[in-house]
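Listing of work-v2.txt; format and content: compact mmCIF, C-alpha atoms.
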```txt
# COMPACT_ATOMS: atom_id res chain seq x y z
CA THR A 1 -65.68 -9.94 21.14
CA LYS A 2 -63.42 -8.42 23.70
CA ILE A 3 -59.94 -7.04 23.03
CA LYS A 4 -57.39 -7.55 25.74
CA ASP A 5 -53.89 -6.15 26.01
CA VAL A 6 -51.21 -8.59 27.16
CA GLU A 7 -48.00 -6.65 27.79
CA GLY A 8 -48.35 -4.54 24.66
CA VAL A 9 -49.83 -7.26 22.42
CA ASN A 10 -53.48 -6.92 21.40
CA MET A 11 -55.41 -10.19 21.49
CA TYR A 12 -58.83 -10.74 19.88
CA ASN A 13 -61.69 -13.10 20.62
CA GLN A 14 -60.80 -14.08 24.19
CA ALA A 15 -62.77 -13.13 27.21
CA GLU A 16 -60.51 -14.47 29.95
CA PRO A 17 -56.79 -15.18 29.68
CA VAL A 18 -56.39 -18.70 30.94
CA ASP A 19 -53.02 -19.48 29.46
CA LEU A 20 -50.82 -17.64 27.00
CA THR A 21 -51.30 -18.63 23.40
CA VAL A 22 -48.38 -19.60 21.21
CA MET A 23 -48.52 -16.22 19.55
CA GLU A 24 -48.51 -14.40 22.90
CA LYS A 25 -45.53 -16.44 24.05
CA PHE A 26 -43.75 -15.67 20.79
CA ALA A 27 -44.54 -11.95 21.10
CA LEU A 28 -43.22 -11.80 24.66
CA HIS A 29 -40.10 -13.74 23.76
CA ALA A 30 -39.51 -11.62 20.63
CA GLU A 31 -39.95 -8.40 22.60
CA ARG A 32 -37.46 -9.55 25.26
CA ARG A 33 -34.93 -10.67 22.65
CA THR A 34 -35.35 -7.42 20.72
CA LYS A 35 -34.62 -5.38 23.83
CA GLU A 36 -31.52 -7.53 24.49
CA ALA A 37 -30.38 -7.02 20.90
CA PHE A 38 -30.77 -3.24 21.15
CA ALA A 39 -28.84 -3.24 24.43
CA ARG A 40 -26.04 -5.22 22.77
CA ILE A 41 -26.02 -2.84 19.83
CA GLU A 42 -25.52 0.09 22.19
CA GLY A 43 -22.67 -1.77 23.89
CA VAL A 44 -21.02 -2.57 20.58
CA GLN A 45 -21.35 1.05 19.47
CA GLU A 46 -19.65 2.22 22.67
CA ASN A 47 -16.87 -0.35 22.24
CA PHE A 48 -16.43 0.71 18.62
CA LYS A 49 -16.06 4.35 19.70
CA GLY A 50 -13.38 3.17 22.14
CA VAL A 51 -11.56 1.36 19.32
CA LEU A 52 -11.74 4.47 17.15
CA SER A 53 -10.36 6.54 20.00
CA TYR A 54 -7.56 4.00 20.59
CA PHE A 55 -6.50 4.22 16.95
CA GLY A 56 -6.74 8.01 16.97
CA GLU A 57 -9.67 8.14 14.56
CA ASN A 58 -12.72 10.39 14.59
CA PRO A 59 -15.35 8.83 16.92
CA MET A 60 -18.00 9.56 14.30
CA MET A 61 -16.21 7.52 11.62
CA THR A 62 -18.30 4.75 10.11
CA SER A 63 -17.32 1.14 10.58
CA SER A 64 -16.88 0.63 6.84
CA ASP A 65 -14.47 3.59 6.65
CA PHE A 66 -12.55 2.38 9.68
CA PHE A 67 -12.21 -1.20 8.53
CA GLY A 68 -11.32 -0.01 5.03
CA THR A 69 -8.52 2.08 6.53
CA LEU A 70 -7.44 -0.80 8.76
CA ASN A 71 -7.43 -3.22 5.83
CA LYS A 72 -5.35 -0.80 3.75
CA PHE A 73 -2.89 -0.40 6.63
CA ILE A 74 -2.53 -4.16 7.06
CA ALA A 75 -1.97 -4.67 3.32
CA THR A 76 0.68 -1.93 3.27
CA PHE A 77 2.30 -3.32 6.40
CA ASP A 78 2.42 -6.84 4.93
CA SER A 79 4.05 -5.61 1.71
CA ALA A 80 6.59 -3.57 3.70
CA LEU A 81 7.31 -6.60 5.87
CA GLU A 82 7.92 -8.66 2.74
CA VAL A 83 10.39 -6.07 1.44
CA VAL A 84 12.23 -5.97 4.77
CA GLN A 85 12.40 -9.78 4.88
CA ARG A 86 13.85 -9.87 1.34
CA ILE A 87 16.44 -7.24 2.27
CA GLU A 88 17.41 -9.18 5.40
CA ALA A 89 17.65 -12.42 3.40
CA LEU A 90 19.96 -10.68 0.90
CA LYS A 91 22.12 -9.34 3.74
CA ILE A 92 22.38 -12.80 5.27
CA ALA A 93 23.29 -14.29 1.88
CA GLU A 94 25.94 -11.59 1.35
CA GLU A 95 27.37 -12.20 4.83
CA LYS A 96 27.55 -15.95 4.16
CA LYS A 97 29.22 -15.31 0.81
CA ALA A 98 31.74 -12.94 2.39
CA LEU A 99 32.43 -15.44 5.18
CA ALA A 100 32.97 -18.21 2.64
CA GLN A 101 35.28 -15.94 0.62
CA ARG A 102 37.31 -15.11 3.74
CA ALA A 103 37.57 -18.78 4.63
CA LYS A 104 38.70 -19.56 1.08
CA GLU A 105 41.34 -16.80 1.20
CA LYS A 106 42.51 -18.02 4.58
CA THR A 107 42.84 -21.54 3.21
CA LYS A 108 44.80 -20.24 0.21
CA LYS A 109 47.13 -18.25 2.48
CA ALA A 110 47.67 -21.28 4.67
CA ALA A 111 48.42 -23.39 1.58
CA LYS A 112 50.87 -20.76 0.29
CA ALA A 113 52.55 -20.56 3.70
CA ALA A 114 52.83 -24.35 3.82
CA MET A 115 54.26 -24.40 0.29
CA ALA A 116 56.78 -21.67 1.17
CA ALA A 117 57.79 -23.53 4.31
CA LYS A 118 58.24 -26.71 2.25
CA ASN A 119 60.35 -24.85 -0.31
CA VAL A 120 62.53 -23.41 2.44
CA SER A 121 62.99 -26.81 4.04
CA ASP A 122 63.76 -28.34 0.62
CA ILE A 123 66.38 -25.67 -0.03
CA LEU A 124 67.93 -26.18 3.38
CA ALA A 125 67.89 -29.94 2.94
CA GLN A 126 69.80 -29.82 -0.34
CA GLU A 127 73.57 -30.34 -0.23
CA PRO A 128 75.44 -27.10 -0.61
CA LYS A 129 77.31 -26.84 -3.88
CA GLY A 130 80.12 -24.61 -4.72
CA LYS A 131 83.20 -23.48 -2.87
CA MET A 132 82.29 -25.28 0.22
CA ASP A 133 82.75 -28.61 -1.50
CA LEU A 134 86.33 -29.71 -1.22
```

The structure given in the file should be rewritten as structure tokens.
Amino acid sequence: TKIKDVEGVNMYNQAEPVDLTVMEKFALHAERRTKEAFARIEGVQENFKGVLSYFGENPMMTSSDFFGTLNKFIATFDSALEVVQRIEALKIAEEKKALAQRAKEKTKKAAKAAMAAKNVSDILAQEPKGKMDL
């Protein structure tokens, strides 16, 4: 029995490599994919450090701490946004109410002015009584 080494994988019971076995193919593929995965991990770690730097956090902060902080910020922001939206809705409602009140007062004033004008014209239209009648 001869042991051969095929790119880091020990193979038993083969004298001459004619073709790669299924296991050898798997080992080569797994090794290549593992190297790719580690390269991606390094890239992600560098990108994460850039994100931490962008947000002014410690570059050594863990991802769970960072995303916990980010989640807390978003929750606080959403609740503050809700409060601001309620305040703005109240202001808009108050402005509409005040506008309606002003329109109502304007209508009342116009009605009073019309009534006063009618009274004046009624008084002027009446026949004068008194010493002028002869």

State, in Å with one decimal place, the distance from CA of Met60 (chain A) to CA of Glu42 (chain A).
-> 14.4 Å

Shell of 12 Å around Leu70 (chain A), all atoms listed in the file, local chain residues under 4 positions omitted, as a list in words |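 The contact residues come out as Val51, Leu52, Phe55, Glu57, Ser63, Ser64, Asp65, Phe66, Ile74, Ala75, Thr76 and Phe77 of chain A.
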
CA of Thr69 (chain A) to CA of Gly50 (chain A), distance in Å rounded to a single decimal |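 Computed distance, CA of Thr69 (chain A) to CA of Gly50 (chain A), equals 16.4 Å.
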
For the atom pair CA of Asn47 (chain A) and CA of Arg32 (chain A), what is the interatomic distance in Å to one decimal place?
->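 Separation of CA of Asn47 (chain A) and CA of Arg32 (chain A): 22.8 Å.
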
Taking every listed atom of region 64-73 of chain A and adding 3 Å to each side, what centre and edge lengths in Å (one decimal) does the axis-aligned box have, as AutoDock Vina command-line options?
```
--center_x -9.9 --center_y 0.2 --center_z 6.7 --size_x 20.0 --size_y 12.8 --size_z 11.9
```
